[in-house]
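For reference, target_27.txt (compact mmCIF, C-alpha atoms):
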# COMPACT_ATOMS: atom_id res chain seq x y z
CA MET H 1021 100.77 90.32 73.17
CA ASP H 1022 100.81 86.56 73.81
CA GLU H 1023 103.90 84.44 74.57
CA SER H 1024 104.30 83.32 70.97
CA ALA H 1025 104.31 86.90 69.70
CA ARG H 1026 106.84 87.90 72.35
CA ASN H 1027 109.13 85.06 71.31
CA LYS H 1028 108.95 86.19 67.68
CA LEU H 1029 109.74 89.75 68.78
CA TRP H 1030 112.80 88.55 70.68
CA GLU H 1031 113.92 86.35 67.79
CA SER H 1032 113.67 89.30 65.44
CA TYR H 1033 115.57 91.61 67.80
CA THR H 1034 118.28 89.01 68.47
CA LYS H 1035 118.98 88.76 64.74
CA SER H 1036 118.68 92.43 63.75
CA LYS H 1037 119.20 94.55 66.91
CA LYS H 1038 117.03 97.19 65.24
CA PRO H 1039 116.22 100.21 67.48
CA GLU H 1040 112.54 100.14 66.50
CA ILE H 1041 112.18 96.54 67.66
CA ARG H 1042 113.97 97.44 70.89
CA GLU H 1043 111.39 100.17 71.42
CA GLN H 1044 108.61 97.63 70.91
CA ILE H 1045 110.13 95.39 73.57
CA ILE H 1046 110.40 98.32 76.00
CA LEU H 1047 106.72 99.14 75.47
CA GLU H 1048 105.73 95.48 75.78
CA TYR H 1049 107.36 95.11 79.20
CA ALA H 1050 106.63 98.60 80.55
CA GLN H 1051 103.76 97.12 82.57
CA LEU H 1052 106.27 94.93 84.44
CA VAL H 1053 108.05 98.11 85.56
CA LYS H 1054 104.77 99.57 86.80
CA ILE H 1055 103.96 96.44 88.78
CA ILE H 1056 107.36 96.36 90.50
CA ALA H 1057 107.30 100.11 91.14
CA GLY H 1058 103.82 99.76 92.62
CA ARG H 1059 104.91 97.02 95.02
CA LEU H 1060 107.91 99.06 96.18
CA SER H 1061 105.78 102.18 96.45
CA MET H 1062 103.70 100.51 99.17
CA TYR H 1063 106.79 100.44 101.37
CA LEU H 1064 108.26 103.80 100.48
CA GLY H 1065 105.02 105.70 100.98
CA ASP H 1066 105.23 109.43 100.38
CA ASN H 1067 109.04 109.47 100.52
CA VAL H 1068 109.37 108.89 96.77
CA GLU H 1069 106.84 109.57 94.00
CA TYR H 1070 105.48 106.54 92.18
CA GLU H 1071 106.26 108.16 88.82
CA ASP H 1072 109.90 108.52 89.88
CA LEU H 1073 110.06 104.84 90.77
CA VAL H 1074 108.70 103.96 87.33
CA SER H 1075 111.30 106.14 85.62
CA TYR H 1076 114.11 104.52 87.63
CA GLY H 1077 112.71 101.11 86.74
CA ILE H 1078 112.62 101.89 83.01
CA PHE H 1079 116.40 102.29 83.09
CA GLY H 1080 116.60 98.85 84.67
CA LEU H 1081 114.34 97.43 81.96
CA ILE H 1082 116.49 98.93 79.20
CA ASP H 1083 119.62 97.55 80.87
CA ALA H 1084 117.97 94.11 81.07
CA ILE H 1085 117.03 94.19 77.37
CA ASP H 1086 120.56 95.19 76.35
CA LYS H 1087 122.17 92.43 78.42
CA PHE H 1088 119.62 89.67 77.89
CA ASP H 1089 120.63 86.64 75.80
CA TYR H 1090 117.42 85.19 74.38
CA GLU H 1091 119.18 82.13 72.96
CA LYS H 1092 120.08 80.87 76.45
CA GLY H 1093 116.43 80.01 77.09
CA ILE H 1094 116.09 82.06 80.27
CA LYS H 1095 112.69 83.62 81.06
CA PHE H 1096 113.06 87.36 80.42
CA GLU H 1097 110.47 88.43 83.01
CA THR H 1098 112.46 86.81 85.82
CA TYR H 1099 115.75 88.30 84.64
CA ALA H 1100 114.26 91.74 84.02
CA SER H 1101 112.47 91.86 87.38
CA LEU H 1102 115.81 91.68 89.20
CA ARG H 1103 117.32 94.41 87.03
CA ILE H 1104 114.29 96.67 87.37
CA ARG H 1105 114.08 96.35 91.13
CA GLY H 1106 117.84 96.73 91.40
CA ALA H 1107 117.79 99.94 89.36
CA ILE H 1108 115.05 101.42 91.52
CA LEU H 1109 116.75 100.53 94.80
CA ASP H 1110 120.16 101.68 93.57
CA GLN H 1111 118.72 105.11 92.84
CA ILE H 1112 117.02 105.25 96.24
CA ARG H 1113 120.30 104.35 97.96
CA LYS H 1114 122.04 107.14 96.04
CA MET H 1115 119.39 109.56 97.27
CA ASP H 1116 120.12 108.40 100.84
CA TRP H 1117 116.70 109.68 101.91
CA ILE H 1118 116.40 107.40 104.94
CA PRO H 1119 117.17 109.67 107.92
CA ARG H 1120 119.79 108.61 110.46
CA THR H 1121 117.11 108.53 113.16
CA LEU H 1122 115.22 105.81 111.25
CA ARG H 1123 118.38 103.77 110.84
CA GLN H 1124 118.95 104.06 114.57
CA LYS H 1125 115.39 102.92 115.29
CA GLN H 1126 115.86 99.91 113.02
CA LYS H 1127 119.06 98.94 114.84
CA ARG H 1128 117.38 99.31 118.23
CA MET H 1129 114.44 97.14 117.13
CA ASP H 1130 116.74 94.45 115.71
CA ALA H 1131 118.85 94.43 118.87
CA ALA H 1132 115.79 94.29 121.13
CA LEU H 1133 114.30 91.39 119.17
CA MET H 1134 117.53 89.38 119.36
CA LYS H 1135 117.92 90.08 123.09
CA LEU H 1136 114.36 89.10 123.99
CA GLU H 1137 114.34 85.95 121.86
CA LYS H 1138 117.58 84.84 123.48
CA GLU H 1139 116.26 85.54 126.99
CA LEU H 1140 112.75 84.16 126.53
CA GLY H 1141 113.46 81.33 124.14
CA ARG H 1142 110.18 81.91 122.27
CA GLN H 1143 108.34 84.29 119.99
CA VAL H 1144 108.38 87.87 121.25
CA THR H 1145 105.11 89.80 121.45
CA ASP H 1146 104.66 93.37 120.31
CA GLU H 1147 103.94 94.37 123.92
CA GLU H 1148 107.26 92.91 125.05
CA MET H 1149 109.10 94.69 122.27
CA ALA H 1150 107.54 98.02 123.20
CA LYS H 1151 108.44 97.51 126.86
CA GLU H 1152 112.05 96.61 126.00
CA LEU H 1153 112.34 99.72 123.82
CA GLU H 1154 110.69 101.78 126.58
CA ILE H 1155 108.00 103.14 124.28
CA SER H 1156 104.24 102.71 124.07
CA LEU H 1157 102.69 99.96 121.94
CA GLU H 1158 101.21 102.59 119.63
CA GLU H 1159 104.62 104.21 119.21
CA TYR H 1160 106.16 100.80 118.50
CA TYR H 1161 103.68 100.28 115.65
CA THR H 1162 104.62 103.72 114.36
CA TRP H 1163 108.29 102.73 114.44
CA GLN H 1164 107.50 99.59 112.45
CA GLY H 1165 105.74 101.65 109.81
CA GLN H 1166 108.57 104.17 109.62
CA THR H 1167 111.32 101.58 109.33
CA LYS H 1168 109.67 99.19 106.90
CA ALA H 1169 111.24 101.04 103.94
CA SER H 1170 114.75 100.76 105.36
CA GLY H 1171 114.02 97.12 106.05
CA LEU H 1172 113.06 96.69 102.41
CA ILE H 1173 116.36 98.19 101.26
CA SER H 1174 118.26 95.93 103.62
CA LEU H 1175 116.43 92.83 102.47
CA ASP H 1176 116.92 93.63 98.82
CA GLU H 1177 120.63 94.10 99.41
CA CYS H 1178 120.57 90.48 100.58
CA ILE H 1179 118.49 89.50 97.57
CA ASP H 1180 120.91 91.28 95.23
CA GLN H 1181 123.83 89.37 96.73
CA GLY H 1182 122.04 86.06 96.55
CA THR H 1183 120.30 86.27 93.20
CA GLU H 1184 123.29 87.63 91.34
CA ILE H 1185 124.96 84.25 91.78
CA TYR H 1186 122.09 82.32 90.29
CA THR H 1187 121.17 84.86 87.62
CA ASP H 1188 124.70 84.88 86.19
CA ALA H 1189 124.95 81.11 86.45
CA GLY H 1190 121.63 80.78 84.66
CA LEU H 1191 122.88 82.84 81.74
CA GLN H 1192 125.84 80.47 81.33
CA ALA H 1193 123.90 77.20 81.53
CA ARG H 1194 120.26 76.20 81.58
CA PHE H 1195 120.66 73.60 84.32
CA ASP H 1196 122.10 73.74 87.82
CA SER H 1197 125.21 71.78 88.63
CA PRO H 1198 124.86 68.93 91.15
CA GLU H 1199 126.53 71.15 93.76
CA GLU H 1200 124.00 73.93 93.18
CA VAL H 1201 121.11 71.48 93.43
CA VAL H 1202 122.38 70.26 96.80
CA GLU H 1203 122.93 73.84 98.03
CA LYS H 1204 119.42 74.90 97.02
CA GLU H 1205 117.92 71.89 98.77
CA GLU H 1206 119.85 72.77 101.93
CA LEU H 1207 118.63 76.36 101.70
CA LYS H 1208 115.04 75.21 101.23
CA GLN H 1209 115.38 73.20 104.44
CA LEU H 1210 116.68 76.31 106.20
CA LEU H 1211 113.74 78.28 104.84
CA ALA H 1212 111.33 75.68 106.20
CA GLN H 1213 112.98 76.04 109.61
CA ALA H 1214 112.78 79.84 109.40
CA LEU H 1215 109.09 79.67 108.51
CA GLU H 1216 108.49 77.41 111.50
CA GLY H 1217 109.88 80.20 113.67
CA LEU H 1218 107.09 82.52 112.57
CA THR H 1219 103.60 82.80 113.98
CA GLU H 1220 100.78 81.39 111.88
CA LYS H 1221 99.74 84.85 110.70
CA GLU H 1222 103.32 85.91 109.85
CA ARG H 1223 103.85 82.70 107.90
CA LYS H 1224 100.62 83.22 105.97
CA VAL H 1225 101.63 86.77 105.04
CA ILE H 1226 104.99 85.56 103.68
CA VAL H 1227 103.40 82.74 101.67
CA LEU H 1228 100.66 84.94 100.20
CA TYR H 1229 102.96 87.87 99.44
CA TYR H 1230 106.07 86.11 98.09
CA TYR H 1231 104.74 82.83 96.74
CA GLU H 1232 101.22 83.77 95.64
CA GLU H 1233 102.52 87.26 94.66
CA LEU H 1234 99.54 89.10 96.10
CA THR H 1235 99.70 92.76 97.12
CA LEU H 1236 99.48 93.74 100.77
CA LYS H 1237 96.00 95.06 100.07
CA GLU H 1238 94.92 91.69 98.69
CA VAL H 1239 96.52 89.87 101.63
CA SER H 1240 94.68 92.13 104.07
CA ALA H 1241 91.37 91.29 102.37
CA ILE H 1242 92.03 87.55 102.59
CA MET H 1243 93.13 87.67 106.24
CA GLU H 1244 90.40 90.19 107.12
CA VAL H 1245 92.69 92.59 108.99
CA SER H 1246 93.85 96.11 108.14
CA GLU H 1247 96.56 96.70 105.57
CA SER H 1248 98.69 98.40 108.24
CA ARG H 1249 98.50 95.26 110.39
CA ILE H 1250 99.58 93.13 107.41
CA SER H 1251 102.49 95.50 106.91
CA GLN H 1252 103.48 95.08 110.57
CA LEU H 1253 103.30 91.28 110.31
CA HIS H 1254 105.34 91.37 107.11
CA THR H 1255 108.06 93.56 108.62
CA LYS H 1256 108.29 91.44 111.76
CA ALA H 1257 108.44 88.20 109.77
CA LEU H 1258 111.28 89.46 107.58
CA GLN H 1259 113.24 90.63 110.62
CA LYS H 1260 113.01 87.14 112.11
CA MET H 1261 113.91 85.41 108.85
CA LYS H 1262 116.86 87.70 108.22
CA GLN H 1263 118.24 86.88 111.65
CA LYS H 1264 117.79 83.16 110.95
CA LEU H 1265 119.15 83.04 107.41
CA GLY H 1266 121.25 86.16 106.85
CA VAL H 1267 122.20 86.66 103.16
CA GLN H 1268 120.93 83.16 102.38
CA ILE H 1269 117.39 84.53 102.43
CA GLY H 1270 118.25 86.37 99.23
CA ILE H 1271 119.24 83.20 97.44
CA LEU H 1272 115.99 81.55 98.45
CA PHE H 1273 113.74 84.38 97.36
CA GLY H 1274 115.80 84.80 94.21
CA VAL H 1275 115.24 81.28 92.96
CA SER H 1276 112.65 81.42 90.18
How does this structure look as structure tokens?
Amino acid sequence: MDESARNKLWESYTKSKKPEIREQIILEYAQLVKIIAGRLSMYLGDNVEYEDLVSYGIFGLIDAIDKFDYEKGIKFETYASLRIRGAILDQIRKMDWIPRTLRQKQKRMDAALMKLEKELGRQVTDEEMAKELEISLEEYYTWQGQTKASGLISLDECIDQGTEIYTDAGLQARFDSPEEVVEKEELKQLLAQALEGLTEKERKVIVLYYYEELTLKEVSAIMEVSESRISQLHTKALQKMKQKLGVQIGILFGVS
């Protein structure tokens, strides 16, 4: 269905609120749920079934449809994406499947990174991280793989906090206030500074993944390294950016 047909579908539903039209909208945007579930599935691995993620996301899609105000002129895909991802992550948090040992590993890695960067005053290598944690380099890479899911949850908690502000504001008015424009510009400057703190490869992964919206598999093909290495670069880059920006990283990545 093209954009014009979707607009007519929304116009019809806005006027009538007929259940059959609502079902059509659900079917029309079901692919969006599959895409988001697929991206999250890359991080969660075998911990959660892809089909389960899709079912969680469908609830988010339905919630988005019920709360969406077409007449405000907001792009539904952007609004729904937040709701879908939020519904999936909320369910995962309720499951509390991330073992305490993984949470402890994540805290140790974060603490080690902060300590070394403060002491060395430069980018920390994987070898230095492994030495600080008193584990082998191979084991350090294993830790990165194991904790990337918990890192995803943590990052999306930041994104939820940040994007909620702008999503709600967007539903009230189509244009940002002067104060919001200034704040976003300041945040963009902070983002530029955070990106400068990354290595060239880490920066490229972030740009390709978040701005070009490629999958990790596609990024690995472009950069000609393994998908597991791309995952490691991605995890490390987000750790650095989170330390630099805190919850502000969510506002930046939430801006459509």
Checklist entry - Could you work out how far CA of Ile1082 in chain H lies from CA of Val1053 in chain H, giving the answer in Å with one decimal? => result 10.6 Å
Tell me, counting only C-alpha atoms, for each residue of range 1056-1128 of chain H within 12 Å of range 1035-1038 of chain H, which pair of atoms is nearest and how far apart they are in Å to one decimal, in rows ordered by chain and increasing number, as JSON lines.
{"residue": "H:Ile1085", "atom": "CA", "partner": "H:Lys1037", "partner_atom": "CA", "distance": 10.7}
{"residue": "H:Asp1086", "atom": "CA", "partner": "H:Lys1037", "partner_atom": "CA", "distance": 9.6}
{"residue": "H:Asp1089", "atom": "CA", "partner": "H:Lys1035", "partner_atom": "CA", "distance": 11.4}
{"residue": "H:Tyr1090", "atom": "CA", "partner": "H:Lys1035", "partner_atom": "CA", "distance": 10.4}
{"residue": "H:Glu1091", "atom": "CA", "partner": "H:Lys1035", "partner_atom": "CA", "distance": 10.6}
Checklist entry - Given the choices H:Tyr1076, H:Leu1136, H:Gln1126, H:Ala1241, which gets closest to Glu1148 in chain H if the distance is worked out from all atoms listed in the file? => result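 Of the candidates, the smallest distance to Glu1148 in chain H is held by H:Leu1136.
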Checklist entry - If you measure from CA of Asp1072 in chain H to CA of Ile1112 in chain H, what distance in Å do you get, rounded to one decimal? => result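 Between CA of Asp1072 in chain H and CA of Ile1112 in chain H the gap works out to 10.1 Å.
Near Ile1041 in chain H, within 9 Å and counting only C-alpha atoms, sit Leu1029, Trp1030, Ser1032, Tyr1033, Ser1036 and Ile1046 of chain H, not including residues fewer than 5 positions from it in the same chain.
Here CA of Met1261 in chain H and CA of Ala1100 in chain H stand 25.6 Å from one another.
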